[in-house]
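Structure data follow from my_file-v3.txt (compact mmCIF, C-alpha atoms (C1' of nucleotides)):
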# COMPACT_ATOMS: atom_id res chain seq x y z
CA MET A 180 -5.74 9.61 36.87
CA PHE A 181 -3.35 9.96 33.93
CA LYS A 182 -0.32 9.74 36.15
CA PHE A 183 2.84 8.80 34.32
CA GLU A 184 5.33 6.84 36.38
CA LEU A 185 8.78 6.95 34.92
CA GLU A 186 10.11 3.61 36.12
CA HIS A 187 13.54 3.58 34.60
CA VAL A 188 15.76 5.43 32.18
CA ASP A 189 18.43 3.47 30.34
CA LYS A 190 21.61 5.09 31.62
CA TYR A 191 23.35 4.66 28.28
CA THR A 192 20.70 5.59 25.74
CA GLY A 193 18.12 7.58 27.67
CA ALA A 194 15.35 5.21 26.61
CA ARG A 195 12.48 5.26 29.09
CA ALA A 196 10.27 2.62 30.69
CA GLY A 197 7.12 3.77 32.41
CA LYS A 198 3.48 3.30 33.25
CA PHE A 199 0.67 5.56 32.16
CA HIS A 200 -2.56 5.26 34.11
CA THR A 201 -5.84 5.57 32.22
CA PRO A 202 -9.48 4.82 33.09
CA HIS A 203 -9.14 1.69 30.96
CA GLY A 204 -6.00 0.27 32.42
CA ILE A 205 -2.33 0.96 32.77
CA ILE A 206 -0.27 1.34 29.65
CA GLU A 207 3.24 0.01 30.05
CA THR A 208 5.70 1.95 27.94
CA PRO A 209 7.35 1.99 25.54
CA VAL A 210 4.26 0.93 23.66
CA PHE A 211 3.20 0.39 20.08
CA MET A 212 -0.41 1.36 19.38
CA PRO A 213 -2.24 -0.33 16.49
CA VAL A 214 -4.39 1.99 14.40
CA GLY A 215 -8.10 1.39 13.92
CA THR A 216 -9.14 4.50 12.07
CA GLN A 217 -12.77 3.58 11.63
CA ALA A 218 -13.20 1.90 15.02
CA ALA A 219 -11.62 -1.23 13.64
CA VAL A 220 -8.07 -2.33 13.03
CA LYS A 221 -8.36 -3.47 9.43
CA ALA A 222 -8.67 -7.26 9.22
CA VAL A 223 -8.08 -7.81 12.96
CA SER A 224 -10.68 -8.61 15.63
CA THR A 225 -10.49 -7.11 19.10
CA ASP A 226 -10.05 -10.65 20.43
CA SER A 227 -6.90 -11.02 18.36
CA LEU A 228 -5.68 -7.60 19.43
CA LYS A 229 -6.11 -8.59 23.05
CA ASP A 230 -4.34 -11.91 22.54
CA MET A 231 -1.29 -10.26 21.03
CA GLY A 232 -0.95 -7.92 23.99
CA THR A 233 -2.33 -4.67 22.59
CA GLN A 234 -2.62 -2.12 25.40
CA VAL A 235 -4.07 0.85 23.57
CA LEU A 236 -5.77 1.38 20.22
CA LEU A 237 -5.95 4.43 18.02
CA SER A 238 -9.05 5.65 16.30
CA ASN A 239 -9.93 8.74 14.34
CA THR A 240 -12.13 11.72 14.99
CA TYR A 241 -12.51 12.89 11.40
CA HIS A 242 -13.47 9.51 10.03
CA LEU A 243 -15.84 8.52 12.83
CA ASN A 244 -17.50 11.92 12.67
CA LEU A 245 -18.28 11.39 9.00
CA ARG A 246 -19.41 7.84 9.52
CA PRO A 247 -21.27 6.76 11.56
CA GLY A 248 -21.30 10.11 13.41
CA SER A 249 -20.12 10.67 16.97
CA GLU A 250 -23.67 10.93 18.34
CA ILE A 251 -24.34 7.33 17.32
CA ILE A 252 -21.22 6.22 19.15
CA LYS A 253 -22.10 8.33 22.15
CA SER A 254 -25.54 6.75 22.32
CA ALA A 255 -23.93 3.31 22.05
CA GLY A 256 -22.13 4.10 25.29
CA GLY A 257 -18.92 5.40 23.75
CA LEU A 258 -16.26 3.98 21.52
CA HIS A 259 -15.14 1.31 23.98
CA LYS A 260 -18.57 -0.31 24.04
CA PHE A 261 -19.27 0.39 20.39
CA MET A 262 -16.22 -1.52 19.21
CA ASN A 263 -15.97 -3.97 22.10
CA TRP A 264 -12.59 -2.83 23.42
CA ASP A 265 -12.19 -2.41 27.16
CA LYS A 266 -8.58 -1.32 27.21
CA ALA A 267 -7.33 2.16 26.48
CA ILE A 268 -8.19 4.10 23.32
CA LEU A 269 -6.58 7.20 21.85
CA THR A 270 -8.35 9.28 19.23
CA ASP A 271 -6.49 11.39 16.73
CA SER A 272 -8.10 14.77 16.32
CA GLY A 273 -8.41 15.06 12.55
CA GLY A 274 -5.20 17.05 12.34
CA PHE A 275 -3.58 14.40 10.20
CA GLN A 276 -6.45 14.65 7.71
CA VAL A 277 -5.53 18.30 7.27
CA PHE A 278 -2.37 16.83 5.77
CA SER A 279 -3.62 13.69 4.08
CA LEU A 280 -6.74 15.23 2.54
CA LYS A 281 -4.85 18.29 1.38
CA GLY A 282 -6.83 18.61 -1.84
CA LEU A 283 -10.12 18.54 0.03
CA ARG A 284 -9.78 21.25 2.66
CA LYS A 285 -9.23 24.92 3.37
CA ILE A 286 -7.46 26.14 6.49
CA ARG A 287 -8.64 29.26 8.30
CA GLU A 288 -7.89 30.66 11.73
CA GLU A 289 -11.26 29.47 12.94
CA GLY A 290 -10.73 25.90 11.75
CA VAL A 291 -10.59 23.71 8.68
CA GLU A 292 -13.26 23.28 6.06
CA PHE A 293 -13.18 19.79 4.63
CA GLN A 294 -14.99 18.46 1.65
CA SER A 295 -16.09 14.98 2.69
CA HIS A 296 -14.18 12.30 0.80
CA LEU A 297 -17.34 10.19 1.03
CA ASP A 298 -20.04 12.39 -0.47
CA GLY A 299 -18.44 15.77 -1.10
CA SER A 300 -20.44 17.58 1.57
CA LYS A 301 -18.81 20.39 3.53
CA ILE A 302 -17.58 19.58 7.02
CA PHE A 303 -16.14 22.24 9.26
CA MET A 304 -13.75 21.15 11.98
CA SER A 305 -12.39 23.46 14.62
CA PRO A 306 -10.51 22.86 17.85
CA GLU A 307 -13.86 23.11 19.63
CA SER A 308 -15.72 20.70 17.37
CA SER A 309 -12.85 18.22 17.38
CA ILE A 310 -12.92 18.18 21.18
CA GLN A 311 -16.71 17.93 21.19
CA ILE A 312 -16.56 14.92 18.86
CA GLN A 313 -13.77 13.33 20.90
CA GLU A 314 -15.80 13.78 24.05
CA ASN A 315 -18.68 12.01 22.35
CA LEU A 316 -16.36 9.19 21.36
CA GLY A 317 -14.97 8.96 24.87
CA ALA A 318 -11.40 7.80 24.28
CA ASP A 319 -8.97 7.83 27.21
CA ILE A 320 -6.47 9.99 25.39
CA ILE A 321 -7.61 12.71 23.01
CA MET A 322 -5.41 14.77 20.74
CA ALA A 323 -5.35 18.47 20.16
CA PHE A 324 -6.60 19.62 16.78
CA ASP A 325 -3.46 20.63 14.89
CA GLU A 326 -2.16 21.01 11.41
CA CYS A 327 0.23 18.29 10.36
CA ALA A 328 2.33 20.13 7.78
CA PRO A 329 4.23 18.35 5.00
CA ALA A 330 7.91 17.81 5.81
CA LEU A 331 9.05 19.71 2.75
CA SER A 332 7.18 22.89 3.79
CA SER A 333 9.05 26.16 3.67
CA ARG A 334 9.79 28.19 6.75
CA ASP A 335 7.27 30.77 5.55
CA TYR A 336 4.62 28.10 5.57
CA ILE A 337 5.62 26.43 8.85
CA VAL A 338 5.80 29.54 11.06
CA PRO A 339 2.15 30.63 10.80
CA SER A 340 0.97 27.01 10.72
CA MET A 341 2.85 26.17 13.89
CA GLU A 342 1.67 29.31 15.67
CA ARG A 343 -1.90 28.58 14.67
CA THR A 344 -1.57 25.05 16.04
CA LEU A 345 -0.48 26.58 19.36
CA ARG A 346 -3.51 28.88 19.42
CA TRP A 347 -5.69 25.91 18.56
CA LEU A 348 -4.19 23.97 21.48
CA GLU A 349 -5.30 26.72 23.89
CA ARG A 350 -8.76 26.56 22.41
CA CYS A 351 -8.82 22.75 22.72
CA LYS A 352 -7.90 22.94 26.36
CA GLU A 353 -10.54 25.61 26.92
CA ALA A 354 -13.22 23.60 25.13
CA LYS A 355 -12.56 20.41 27.01
CA THR A 356 -15.13 19.53 29.69
CA ARG A 357 -14.60 15.87 30.63
CA ASP A 358 -12.01 15.07 33.25
CA ASP A 359 -11.75 11.39 32.41
CA GLN A 360 -9.93 12.11 29.16
CA ALA A 361 -6.31 13.15 28.81
CA LEU A 362 -5.64 15.88 26.26
CA PHE A 363 -2.24 15.70 24.58
CA GLY A 364 -0.70 18.73 22.87
CA ILE A 365 1.20 18.34 19.61
CA ILE A 366 4.57 19.87 18.81
CA GLN A 367 5.05 21.01 15.23
CA GLY A 368 7.72 23.09 13.48
CA GLY A 369 8.61 21.13 10.37
CA LEU A 370 12.27 20.37 9.93
CA PHE A 371 13.44 23.71 11.37
CA LYS A 372 15.26 23.07 14.61
CA ASP A 373 14.67 26.49 16.16
CA LEU A 374 10.97 26.31 15.32
CA ARG A 375 10.73 22.83 16.78
CA ILE A 376 12.31 24.05 20.02
CA GLN A 377 10.04 27.07 20.07
CA SER A 378 6.99 24.86 19.52
CA ALA A 379 8.14 22.42 22.22
CA ILE A 380 8.68 25.15 24.79
CA LYS A 381 5.35 26.82 24.13
CA THR A 382 3.40 23.60 23.93
CA CYS A 383 4.87 22.24 27.15
CA GLN A 384 4.15 25.53 28.95
CA ILE A 385 0.53 24.50 28.73
CA ASP A 386 -0.01 21.96 31.48
CA LEU A 387 -1.19 18.71 29.95
CA PRO A 388 -0.91 15.01 30.84
CA GLY A 389 1.16 14.21 27.76
CA TYR A 390 2.85 15.66 24.71
CA ALA A 391 3.11 14.46 21.16
CA ILE A 392 5.53 15.14 18.37
CA GLY A 393 3.67 15.55 15.11
CA GLY A 394 4.60 16.48 11.59
CA LEU A 395 7.23 13.77 11.27
CA SER A 396 7.29 10.71 9.04
CA VAL A 397 5.55 12.79 6.41
CA GLY A 398 8.15 12.81 3.67
CA GLU A 399 11.48 13.54 5.35
CA THR A 400 14.41 11.11 5.65
CA ARG A 401 15.01 9.03 8.76
CA GLU A 402 18.11 11.07 9.56
CA GLU A 403 16.10 14.29 9.45
CA MET A 404 13.43 12.86 11.69
CA LEU A 405 15.88 11.51 14.24
CA GLU A 406 17.73 14.80 14.32
CA ILE A 407 14.53 16.53 15.35
CA LEU A 408 13.96 13.96 18.10
CA ASP A 409 17.50 14.49 19.33
CA ILE A 410 17.15 18.23 19.70
CA LEU A 411 13.66 17.99 21.21
CA GLY A 412 14.54 15.63 24.07
CA PRO A 413 15.82 18.24 26.55
CA TYR A 414 12.73 20.41 26.10
CA LEU A 415 10.19 17.75 27.04
CA PRO A 416 9.09 17.26 30.66
CA LYS A 417 10.45 14.01 32.04
CA ASP A 418 7.33 13.17 34.01
CA LYS A 419 4.95 13.15 31.04
CA PRO A 420 4.57 10.58 28.27
CA ARG A 421 6.08 11.44 24.91
CA TYR A 422 4.14 10.30 21.88
CA LEU A 423 5.74 10.23 18.44
CA MET A 424 2.84 10.26 16.01
CA GLY A 425 2.58 8.03 12.98
CA VAL A 426 5.88 6.22 13.20
CA GLY A 427 6.14 2.53 12.70
CA THR A 428 8.89 0.94 10.68
CA PRO A 429 10.93 -1.30 13.00
CA GLN A 430 13.93 0.99 12.55
CA ASP A 431 12.05 4.19 13.34
CA PHE A 432 10.33 2.51 16.24
CA VAL A 433 13.56 1.40 17.89
CA GLU A 434 15.41 4.63 17.12
CA GLY A 435 12.50 6.62 18.52
CA ILE A 436 12.42 4.68 21.76
CA LEU A 437 16.17 5.03 22.17
CA ARG A 438 15.60 8.78 21.95
CA GLY A 439 13.15 8.75 24.82
CA ILE A 440 9.85 8.25 23.02
CA ASP A 441 7.23 6.37 25.04
CA MET A 442 4.37 5.86 22.61
CA MET A 443 4.07 5.39 18.87
CA ASP A 444 1.31 4.43 16.50
CA CYS A 445 1.35 3.54 12.86
CA VAL A 446 -0.74 2.11 10.07
CA HIS A 447 2.42 0.76 8.51
CA PRO A 448 2.35 -2.78 9.96
CA THR A 449 -1.28 -3.38 9.03
CA ARG A 450 -1.10 -1.64 5.66
CA ILE A 451 1.96 -3.52 4.45
CA ALA A 452 0.46 -6.73 5.82
CA ARG A 453 -2.46 -6.30 3.47
CA HIS A 454 0.03 -5.87 0.66
CA GLY A 455 1.92 -9.04 1.49
CA LEU A 456 4.88 -7.66 3.46
CA ALA A 457 5.99 -8.97 6.83
CA MET A 458 8.28 -7.54 9.50
CA THR A 459 10.27 -10.46 10.88
CA SER A 460 13.25 -11.24 13.08
CA ARG A 461 15.11 -11.76 9.80
CA GLY A 462 14.13 -8.51 8.16
CA MET A 463 11.33 -7.64 5.79
CA ILE A 464 9.82 -10.54 3.87
CA SER A 465 7.58 -10.21 0.84
CA ILE A 466 5.28 -13.21 0.95
CA LYS A 467 4.53 -12.63 -2.73
CA ARG A 468 7.95 -13.86 -3.77
CA GLN A 469 8.14 -16.83 -6.07
CA GLU A 470 10.76 -18.49 -3.86
CA PHE A 471 8.11 -19.18 -1.20
CA THR A 472 5.78 -21.13 -3.47
CA ALA A 473 6.67 -24.43 -1.81
CA ASP A 474 8.31 -23.15 1.40
CA LEU A 475 6.61 -24.91 4.30
CA SER A 476 8.54 -23.09 7.03
CA PRO A 477 6.87 -20.38 9.13
CA LEU A 478 7.01 -16.71 8.22
CA ASP A 479 9.22 -16.02 11.22
CA PRO A 480 10.74 -19.00 13.06
CA ASN A 481 11.35 -16.82 16.13
CA CYS A 482 7.74 -15.69 16.41
CA SER A 483 5.02 -17.36 18.43
CA CYS A 484 2.04 -15.48 17.02
CA PRO A 485 -0.88 -17.56 15.67
CA CYS A 486 0.21 -16.86 12.10
CA CYS A 487 3.73 -18.21 12.61
CA ARG A 488 2.63 -20.95 14.96
CA ASP A 489 0.05 -22.51 12.66
CA TYR A 490 0.85 -21.63 9.03
CA SER A 491 3.61 -21.88 6.44
CA LYS A 492 4.97 -19.34 4.00
CA ALA A 493 3.68 -21.46 1.12
CA TYR A 494 0.17 -21.24 2.55
CA LEU A 495 0.43 -17.51 3.25
CA ARG A 496 1.69 -16.90 -0.27
CA HIS A 497 -1.18 -18.95 -1.65
CA LEU A 498 -3.68 -16.94 0.41
CA TYR A 499 -2.18 -13.67 -0.81
CA LYS A 500 -2.13 -14.74 -4.46
CA SER A 501 -5.69 -15.99 -4.17
CA GLY A 502 -6.89 -12.73 -2.69
CA GLU A 503 -8.20 -14.47 0.40
CA ILE A 504 -9.21 -12.20 3.30
CA LEU A 505 -7.40 -14.57 5.64
CA SER A 506 -4.14 -13.36 4.11
CA SER A 507 -4.73 -9.85 5.44
CA MET A 508 -5.84 -11.22 8.78
CA LEU A 509 -2.85 -13.47 9.41
CA MET A 510 -0.24 -11.06 8.04
CA SER A 511 -1.69 -8.21 10.13
CA ILE A 512 -1.69 -10.33 13.27
CA HIS A 513 1.93 -11.17 12.63
CA ASN A 514 3.14 -7.63 11.97
CA LEU A 515 1.33 -6.20 14.98
CA SER A 516 2.66 -9.01 17.15
CA PHE A 517 6.15 -8.25 15.90
CA LEU A 518 6.04 -4.58 16.88
CA ILE A 519 4.28 -5.21 20.18
CA GLY A 520 6.86 -7.88 20.97
CA LEU A 521 9.64 -5.52 20.00
CA ALA A 522 8.25 -2.93 22.42
CA GLN A 523 8.15 -5.56 25.18
CA ASP A 524 11.74 -6.58 24.47
CA LEU A 525 12.80 -2.95 24.56
CA ARG A 526 11.01 -2.34 27.84
CA GLN A 527 12.81 -5.27 29.41
CA ALA A 528 16.13 -4.15 27.95
CA ILE A 529 15.65 -0.63 29.29
CA PHE A 530 15.33 -1.93 32.84
CA ASN A 531 18.68 -3.69 32.30
CA ASP A 532 20.24 -0.61 30.66
CA GLU A 533 20.69 -2.69 27.54
CA SER A 534 18.40 -1.03 25.01
CA GLU A 535 21.41 -0.33 22.79
CA ASN A 536 21.71 -4.09 22.29
CA ILE A 537 18.28 -4.18 20.71
CA ARG A 538 19.33 -1.55 18.22
CA LYS A 539 22.50 -3.47 17.40
CA LYS A 540 20.51 -6.66 16.94
CA LEU A 541 18.05 -4.89 14.64
CA TYR A 542 20.80 -3.87 12.24
CA THR A 543 22.89 -7.04 12.46
CA VAL A 544 21.09 -10.28 13.33
CA MET A 545 17.74 -9.09 12.03
CA GLY A 546 19.27 -7.39 9.05
CA TYR A 547 17.22 -4.20 8.83
CA ALA A 548 18.70 -1.45 6.69
CA LYS A 549 20.03 1.56 8.56
CA SER A 550 18.53 4.08 6.20
C1' G B 294 -13.61 -36.29 -49.98
C1' C B 295 -15.44 -31.00 -51.08
C1' G B 296 -16.63 -25.86 -49.57
C1' G B 297 -16.43 -21.83 -45.85
C1' C B 298 -14.47 -19.46 -41.44
C1' U B 299 -10.57 -18.83 -37.81
C1' A B 300 -5.32 -19.01 -36.11
C1' U B 301 -1.44 -12.18 -32.82
C1' C B 302 2.25 -12.65 -25.16
C1' G B 303 0.05 -17.63 -20.01
C1' U B 304 -5.41 -15.82 -21.05
C1' C B 305 -8.90 -12.40 -23.51
C1' A B 306 -7.92 -9.36 -27.32
C1' A B 307 -6.61 -4.45 -30.73
C1' G B 308 -4.37 -4.18 -35.33
C1' A B 309 -6.66 -4.46 -41.79
C1' G B 310 1.20 -2.66 -46.47
C1' G B 311 5.06 1.83 -43.77
C1' U B 312 9.18 4.19 -37.75
C1' U B 313 10.15 0.51 -31.39
C1' A B 314 2.92 -4.90 -32.68
C1' A B 315 -2.54 -1.30 -28.47
C1' G B 316 -4.98 -2.54 -24.03
C1' A B 317 -6.81 -5.71 -20.07
C1' C B 318 -6.06 -9.70 -16.84
C1' A B 319 -2.32 -13.02 -15.21
C1' C B 320 2.79 -13.30 -13.91
C1' A B 321 7.45 -11.04 -11.83
C1' G B 322 9.93 -7.04 -9.06
C1' G B 323 9.32 -2.58 -5.99
C1' A B 324 6.69 1.20 -2.90
C1' U B 325 3.63 2.17 1.46
C1' U B 326 5.01 5.80 8.44
C1' G B 327 -1.25 10.37 13.50
C1' U B 328 -5.11 4.66 6.95
C1' G B 329 -10.31 8.06 1.55
C1' G B 330 -8.79 4.16 -2.04
C1' C B 331 -6.90 -4.66 -1.83
C1' U B 332 -3.70 1.35 -3.94
C1' C B 333 0.56 3.13 -6.70
C1' C B 334 5.19 2.44 -9.74
C1' U B 335 8.16 -0.80 -12.99
C1' G B 336 8.96 -5.09 -16.11
C1' C B 337 6.76 -8.65 -19.36
C1' A B 338 5.59 -10.83 -28.02
C1' U B 339 12.78 -8.35 -32.50
C1' U B 340 7.33 -11.22 -33.03
C1' C B 341 1.97 -12.33 -35.33
C1' G B 342 0.26 -21.42 -36.36
C1' A B 343 4.40 -23.34 -39.99
C1' G B 344 7.01 -22.80 -44.81
C1' G B 345 7.63 -20.12 -49.23
C1' G B 346 6.60 -15.81 -52.36
C1' U B 347 5.10 -10.47 -54.03
C1' U B 348 7.07 -5.55 -52.36
C1' C B 349 11.91 -0.54 -51.04
C1' G B 350 8.73 -2.33 -46.89
C1' A B 351 3.91 -7.65 -44.60
C1' A B 352 0.71 -9.64 -38.60
C1' U B 353 -1.73 -7.28 -42.69
C1' C B 354 -1.52 -9.37 -50.15
C1' C B 355 -0.55 -14.42 -52.84
C1' C B 356 0.69 -19.84 -52.72
C1' U B 357 1.52 -24.31 -49.93
C1' U B 358 0.93 -26.63 -45.31
C1' U B 359 -0.94 -27.66 -40.20
C1' A B 360 -4.74 -27.28 -36.44
C1' G B 361 -9.72 -26.01 -34.74
C1' C B 362 -14.82 -24.85 -35.85
C1' C B 363 -19.11 -24.88 -39.31
C1' G B 364 -21.60 -26.75 -43.52
C1' C B 365 -22.18 -30.49 -47.69
C1' C B 366 -21.53 -35.33 -49.73

I'd like the structure from this file rewritten - as structure tokens, please.
Amino acid sequence: MFKFELEHVDKYTGARAGKFHTPHGIIETPVFMPVGTQAAVKAVSTDSLKDMGTQVLLSNTYHLNLRPGSEIIKSAGGLHKFMNWDKAILTDSGGFQVFSLKGLRKIREEGVEFQSHLDGSKIFMSPESSIQIQENLGADIIMAFDECAPALSSRDYIVPSMERTLRWLERCKEAKTRDDQALFGIIQGGLFKDLRIQSAIKTCQIDLPGYAIGGLSVGETREEMLEILDILGPYLPKDKPRYLMGVGTPQDFVEGILRGIDMMDCVHPTRIARHGLAMTSRGMISIKRQEFTADLSPLDPNCSCPCCRDYSKAYLRHLYKSGEILSSMLMSIHNLSFLIGLAQDLRQAIFNDESENIRKKLYTVMGYAKS
RNA sequence: GCGGCUAUCGUCAAGAGGUUAAGACACAGGAUUGUGGCUCCUGCAUUCGAGGGUUCGAAUCCCUUUAGCCGCC
């Protein structure tokens, strides 16, 4: 269980292709993981997710604990049954909410006191309670409860935060009782290279089935983020999956994989889809643009997803302008298909030691901006 | 034919003599990275139905005219 087979490493870039075994199937890496925070990928059914080749979904401990409550999900037979998804699931621990709900929480050594964004009530989350909730949810991969610190944090802020996250990781491991769930540790350290290395070494000293890099894509530039990935590579065990948390523009995705990342998740594709933006083989397209009013060609002529197969840009623009729910559905299906397809292309390219070609294509043929 | 009322951005509408004519929606650009939030940011009337006048100064006052609505013959 939770064996990671490293199948091939691109001899030019170091990009990795592998297989991660979970109780709900094998995840072929590199992989993009759609995010379904509240046990649902916004605007996308599990049938659609399956059709587009999704291998693993993300969901969220903090949000599901508030609503409907993890006991409800436990009594439903776990998250897989509750949301009708029989492939792998990964739950984030609530650590990101320490960042995103900054105004609504207080951090202590023991844990974090949140004020519910729903009704204002006090919710205390600790490494132990996060693990307890995640055991109730029953995902295949569960994340350590950490603090995701803002990228612009000072060294004085990052040092104690990072050390606390390490102590919390020990407590998470201690609290864990189920052996059919893989606990991943999370490396922090802000944008300070020595702290990142320190965090990587100490985190990886704790034997776990996988390791994540957190605290990135939270306000820093792409160059800064990639620099951190570059220096971290040598400190990560080769025989464990490497998960870069919260990253999902096509550029970041490709650059991450070329730096040895195996797994990434992001709300980006589904969020921008709801706001009328598409990732395509010809760059980013805003379906809102006036120029598409009468354009009967597909969103992406090189895409075979249901959205591109069956509908025109003029129709998609009309749906968006009309506020139709179908707009969110089709655009989300497309964007997720694009990233999942990109991951599949990369995996194939890695086996041929040609992953660099995908990067070149991204910046030339596809026309994505380098920074 | 006579009397009254109304006429400000694509739409709804503030404004009642004094610097660049509110706001909302719509429209047009842009943002968005381990998802509180179909959200956020930016732009969008040198012009107030038309023409003339009073005044240092008018969307705001006066006259003429046009259109719509309401009454009366």

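Picture a line from atom CA of A:Leu269 to atom CA of A:His242; it runs 13.9 Å.
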
Determine which residues of chain B sit within 9 Å of chain A, taking into account all atoms listed in the file, and present them as a PyMOL selection string.
chain B and resi 321-322+325-329+331

Nearby residues, (13.1, -3.2, 29.3) file frame, 10 Å, all atoms listed in the file, as a compact mmCIF listing (two decimals) with C-alpha atoms, in the frame of the given file:
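Output saved as part01.txt:
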# COMPACT_ATOMS: atom_id res chain seq x y z
CA HIS A 187 13.54 3.58 34.60
CA VAL A 188 15.76 5.43 32.18
CA ASP A 189 18.43 3.47 30.34
CA ALA A 194 15.35 5.21 26.61
CA ARG A 195 12.48 5.26 29.09
CA ALA A 196 10.27 2.62 30.69
CA GLY A 197 7.12 3.77 32.41
CA THR A 208 5.70 1.95 27.94
CA PRO A 209 7.35 1.99 25.54
CA ALA A 522 8.25 -2.93 22.42
CA GLN A 523 8.15 -5.56 25.18
CA ASP A 524 11.74 -6.58 24.47
CA LEU A 525 12.80 -2.95 24.56
CA ARG A 526 11.01 -2.34 27.84
CA GLN A 527 12.81 -5.27 29.41
CA ALA A 528 16.13 -4.15 27.95
CA ILE A 529 15.65 -0.63 29.29
CA PHE A 530 15.33 -1.93 32.84
CA ASN A 531 18.68 -3.69 32.30
CA ASP A 532 20.24 -0.61 30.66
CA GLU A 533 20.69 -2.69 27.54
CA SER A 534 18.40 -1.03 25.01

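With all atoms listed in the file as the atoms that count, the residue of A:Ser227, A:Gln234, A:Gln367, A:Ser506 with the shortest distance to A:Lys198 is A:Gln234.
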
From the list B:U332, B:U299, B:U353, B:U347, the nearest residue to B:A314 using only C-alpha atoms (C1' of nucleotides) is B:U353

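As for atom CA of A:Gly193 and atom CA of A:Leu518, they are spaced 20.3 Å apart.
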
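The gap separating atom C1' of B:A338 from atom C1' of B:G350 is 20.9 Å, in Å to one decimal.
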
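If only C-alpha atoms are the atoms counted, then among A:Lys266, A:Arg357, A:Lys549, A:Lys492 the closest residue to A:Pro202 is A:Lys266.
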
List every protein, DNA or RNA residue with an atom no more than 7 Å from (-9.0, -5.5, -25.2) in the file's coordinates, counting all atoms listed in the file, and format the result as number ranges by chain.
B: 306-307, 316-317

Give me the residues within 12 Å of A:Lys381 as an NGL selection string, counting all atoms listed in the file and dropping any in the same chain fewer than 5 places off.
:A and (341-342 or 344-346 or 348-349 or 364-368 or 374-376 or 386-387 or 390 or 414-415)

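Every protein, DNA or RNA residue with an atom at most 10 Å from A:Arg350, where only C-alpha atoms (C1' of nucleotides) count and chain neighbours fewer than 6 positions away do not, is listed here: A:Ser305, A:Pro306, A:Glu307, A:Ile310, A:Ala323, A:Phe324, A:Thr344.
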
Hey, can I get the axis-aligned box for stretch 339-342 of chain B? All listed atoms, 5 Å padding on each side, centre and edge lengths in Å to one decimal, as JSON.
{"center_x": 6.5, "center_y": -14.9, "center_z": -34.4, "size_x": 22.5, "size_y": 23.1, "size_z": 13.9}
